[in-house]
Amino acid sequence: MRLTDASVTIRPRNPWEAIDLGVLLAREHRALLMSSWAIVTLPIFALLSLVFWDYPALAILSFWWLKPIFERLPLLILSQALFGSTPSLQQALKGWLRLIKPQWFASLTWRRLSMSRSFKMPVQQLEGLSGPARQQRIRVLSHGSLRAARWLTSIGSSLESTLWLGLMAVFYFLIPQQIRLDWSWNSVLDLQENWTWLEHLSNSFYALVLVFWEPIYVACGFTLYLNRRTELEAWDIELVLRRLRQRLIGSAYVMLIGVGLVFSAATPSAWADEQIYSCPLPPSDATAANRADAGPDSPRLTHQKLTSSAARESIKTLVAQPPFKNPETINGWRAIKNPSSAEHPALPGQWLLDLINWAEHAAKLFARVVEVLLWTAAVVLMSVLIWRYRAWLRTFVSRQTTRPIDRDSAQQLFGLHVSAQSLPDDVATAAERLWPNQPREALGLLYRALLNRLLTDYHLPLKNADTEGEVLRQVAHLKLNRLNEFSLTLTAHWQNLAYGHQLPDVHLQRELCEGWRQLFGRPSDNAKRP
């Protein structure tokens with residue numbers, strides 16, 4: 001592997017940018033990837049379909065389970081194409097046959113359902129690691145990239161399903177209309193008919209989807225793996241150093257030739273000349289006085305504009321000022337911590353200082369206890385107030401717009417009297433007596449009684465401007481099946497009579513009265529509430 005031959009820019013990327021690089025890499029070699037995948041997988045899919053012709057689900061499950069073996073082929077192609085040696089179709093197929101055997105059992109058993117399969121596969125195939133060495137390598141590489149690999153598998157599975165359903169929808173839309181008219185889904189899904197061919201056709205759509213998607217999935221996992229190795233092994237820095245080495249090697253020969261020419265032109269007398277030092281050495285017999293004259297206090301230095309003593313005093317003055325030193329004067333009583341008899345002799349009023357310190361700590365502790373008690377009392381008081389006035393708060397805080405309505409408060413609703421005083425005690429019996437001679441009044445009585453019960457028993461916020469349909473929608477929100485069915489039936493007959501002058505049949509009249517009794521009970525029974 002020569003990094004200088006890489007067909008992409010080697011640099012650290014975030015995991016999502018690395019996945020995007022995988023999509024571009026798969027697009028660059030899409031012809032070879034898709035053709036090799038189709039040549040390998042489609043014959044195996046056809047063979048599985050023939051073997052399990054009566055069990056299409058088992059055929060597609062077996063094909064799906066073998067995906068880790070198929071995915072080794074795109075990884076082989078991409079690993080060689082990335083560094084400038086793209087294999088031919090024949091070379092790729094031969095190389096894949098050699099890669100099937102290593103660790104095939106583990107890939108199809110406990111590693112099969114791994115969500116990070118595309119990221120871990122290069123460790124096994126390209127680095128040839130297995131056992132504890134593979135686990136250790138994966139632990140090193142997984143930091144920061146394992147989450148992106150799992151998201152890649154999750155999103156890829158969703159994309160596979162979407163493309164699969166899309167192909168089946170396209171197939172249905174391409175059916176000629178004259179054939180589609182005679183082809184109902186009830187006949188297609190009839191269990192007595194043999195529609196095995198349709199299931200195998202659906203399976204073939206999935207195999208075609210994998211021809212497009214699986215090379216992209218493998219490429220994205222491969223670039224995630226390469227990006228993690230780039231971060232760990234500093235491939236980008238290594239590339240820069242290699243390019244710098246190549247540039248320096250080209251100019252080093254010229255420099256060596258030039259230096260050789262310079263040395264060859266020098267005369268031998270030049271090498272024999274006495275060496276001249278720019279800084280004379282002190283004499284070997286220097287005395288102590290001469291050495292003292294060389295110090296910072298020597299007379300030759302004290303006659304300069306900035307003498308050594310003046311510089312020393314200036315430095316001391318500067319260091320004694322902020323920000324180097326920040327002197328602060330504090331006035332007050334302060335106890336001496338751990339006084340020792342040698343450094344801090346006992347003071348006559350030491351007991352007074354100890355008493356003051358103890359009083360100070362006791363005051364702080366008392367203040368903290370009082371603070372906690374006050375906060376506790378405030379919380380308890382707030383809780384009591386909320387519980388005491390919970391009904392009043394519910395009126396303003398609750399999101400529910402309904403509130404209880406007094407049974408006698410509603411007098412009239414969109415032209416109908418719905419108050420309790422305008423209704424008999426036994427509504428069903430009164431309606432039965434009115435059916436023979438006054439059917440309109442009987443049906444109106446049942447409908448007015450229903451509105452009264454909706455207002456009082458179920459607290460529906462009905463308004464005078466509401467229509468029959470709006471009332472039914474509010475009844476549906478209660479999610480009471482029996483009440484909803486009775487309301488729909490009664491409202492339909494009321495509208496037919498009120499607007500179309502159509503009387504319900506005799507048996508329907510009896511059913512409405514019996515439905516009222518079953519739903520709301522007899523006069524002696526309590527009204528059913530939600």
# chains A, B, ... in the order shown; residues from 1 in each chain; ligands from 1
call {"tool": "closest_atom_pairs", "arguments": {"of": "range 44-106 of chain A", "to": "range 205-217 of chain A", "cutoff": "12 Å", "atoms": "only C-alpha atoms", "output": "tab-separated table"}}
result
residue	atom	partner	partner_atom	distance
A:Ile44	CA	A:Ala207	CA	10.3
A:Phe45	CA	A:Ala207	CA	7.4
A:Ala46	CA	A:Ala207	CA	9.8
A:Leu48	CA	A:Ala207	CA	11.8
A:Ser49	CA	A:Ala207	CA	11.4
A:Ala59	CA	A:Ala207	CA	11.3
A:Ile60	CA	A:Tyr206	CA	8.5
A:Leu61	CA	A:Tyr206	CA	11.1
A:Ser62	CA	A:Ala207	CA	11.9
A:Phe63	CA	A:Ala207	CA	8.5
A:Trp64	CA	A:Ala207	CA	8.9
A:Lys67	CA	A:Glu214	CA	8.8
A:Pro68	CA	A:Glu214	CA	10.3
A:Ile69	CA	A:Glu214	CA	11.9
A:Phe70	CA	A:Glu214	CA	9.1
A:Glu71	CA	A:Glu214	CA	7.3
A:Arg72	CA	A:Pro215	CA	10.0
A:Leu73	CA	A:Pro215	CA	8.9
A:Pro74	CA	A:Pro215	CA	5.8
A:Leu75	CA	A:Pro215	CA	8.2
A:Leu76	CA	A:Pro215	CA	11.0
A:Ile77	CA	A:Pro215	CA	9.9
A:Leu78	CA	A:Pro215	CA	9.3
call {"tool": "residues_around", "arguments": {"residues": "Leu508 in chain A", "least_positions_apart": "6", "cutoff": "10 Å", "atoms": "only C-alpha atoms", "output": "ChimeraX atom specification"}}
result
/A:489-490,493,514
call {"tool": "write_last_selection", "arguments": {"atoms": "C-alpha atoms", "output": "CSV table (one decimal), in the first residue's frame"}}
result
chain,number,residue,atom,x,y,z
A,489,THR,CA,-78.3,6.0,13.4
A,490,LEU,CA,-80.6,8.4,15.3
A,493,HIS,CA,-83.2,9.1,10.7
A,514,GLU,CA,-84.7,-0.3,22.5
call {"tool": "closest_residue", "arguments": {"among": "A:Arg482, A:Pro436, A:Val8, A:Arg139", "to": "Asp505 in chain A", "atoms": "only C-alpha atoms"}}
result
A:Pro436
call {"tool": "residues_around", "arguments": {"residues": "range 121-134 of chain A", "least_positions_apart": "3", "cutoff": "8 Å", "atoms": "only C-alpha atoms", "output": "ChimeraX atom specification"}}
result
/A:72,75,99,117-118,137-138,222,225
call {"tool": "write_last_selection", "arguments": {"atoms": "N, CA and C atoms", "output": "PDB file, in the first residue's frame"}}
result
ATOM      1  N   ARG A  72     -17.579  -9.246   0.349  1.00  0.00           N
ATOM      2  CA  ARG A  72     -16.114  -9.288   0.263  1.00  0.00           C
ATOM      3  C   ARG A  72     -15.615  -8.925  -1.137  1.00  0.00           C
ATOM      4  N   LEU A  75     -15.391  -5.017  -1.540  1.00  0.00           N
ATOM      5  CA  LEU A  75     -14.286  -4.526  -0.709  1.00  0.00           C
ATOM      6  C   LEU A  75     -12.938  -4.830  -1.357  1.00  0.00           C
ATOM      7  N   LEU A  99     -11.045 -15.376  -1.177  1.00  0.00           N
ATOM      8  CA  LEU A  99     -11.418 -14.711   0.071  1.00  0.00           C
ATOM      9  C   LEU A  99     -12.659 -15.312   0.721  1.00  0.00           C
ATOM     10  N   ARG A 117     -21.093  -4.071  10.620  1.00  0.00           N
ATOM     11  CA  ARG A 117     -20.406  -5.076   9.805  1.00  0.00           C
ATOM     12  C   ARG A 117     -19.534  -4.443   8.726  1.00  0.00           C
ATOM     13  N   SER A 118     -20.003  -3.406   8.078  1.00  0.00           N
ATOM     14  CA  SER A 118     -19.237  -2.794   6.995  1.00  0.00           C
ATOM     15  C   SER A 118     -17.954  -2.151   7.496  1.00  0.00           C
ATOM     16  N   ARG A 137      -7.873  -4.836  17.801  1.00  0.00           N
ATOM     17  CA  ARG A 137      -7.791  -3.853  16.706  1.00  0.00           C
ATOM     18  C   ARG A 137      -9.121  -3.118  16.539  1.00  0.00           C
ATOM     19  N   ILE A 138     -10.226  -3.832  16.648  1.00  0.00           N
ATOM     20  CA  ILE A 138     -11.546  -3.203  16.503  1.00  0.00           C
ATOM     21  C   ILE A 138     -11.792  -2.222  17.638  1.00  0.00           C
ATOM     22  N   PHE A 222     -15.938   1.031   4.142  1.00  0.00           N
ATOM     23  CA  PHE A 222     -14.495   1.022   3.855  1.00  0.00           C
ATOM     24  C   PHE A 222     -13.873   2.403   4.068  1.00  0.00           C
ATOM     25  N   TYR A 225     -13.463   3.116   7.704  1.00  0.00           N
ATOM     26  CA  TYR A 225     -12.269   2.415   8.207  1.00  0.00           C
ATOM     27  C   TYR A 225     -10.999   3.171   7.826  1.00  0.00           C
TER      28      TYR A 225
END
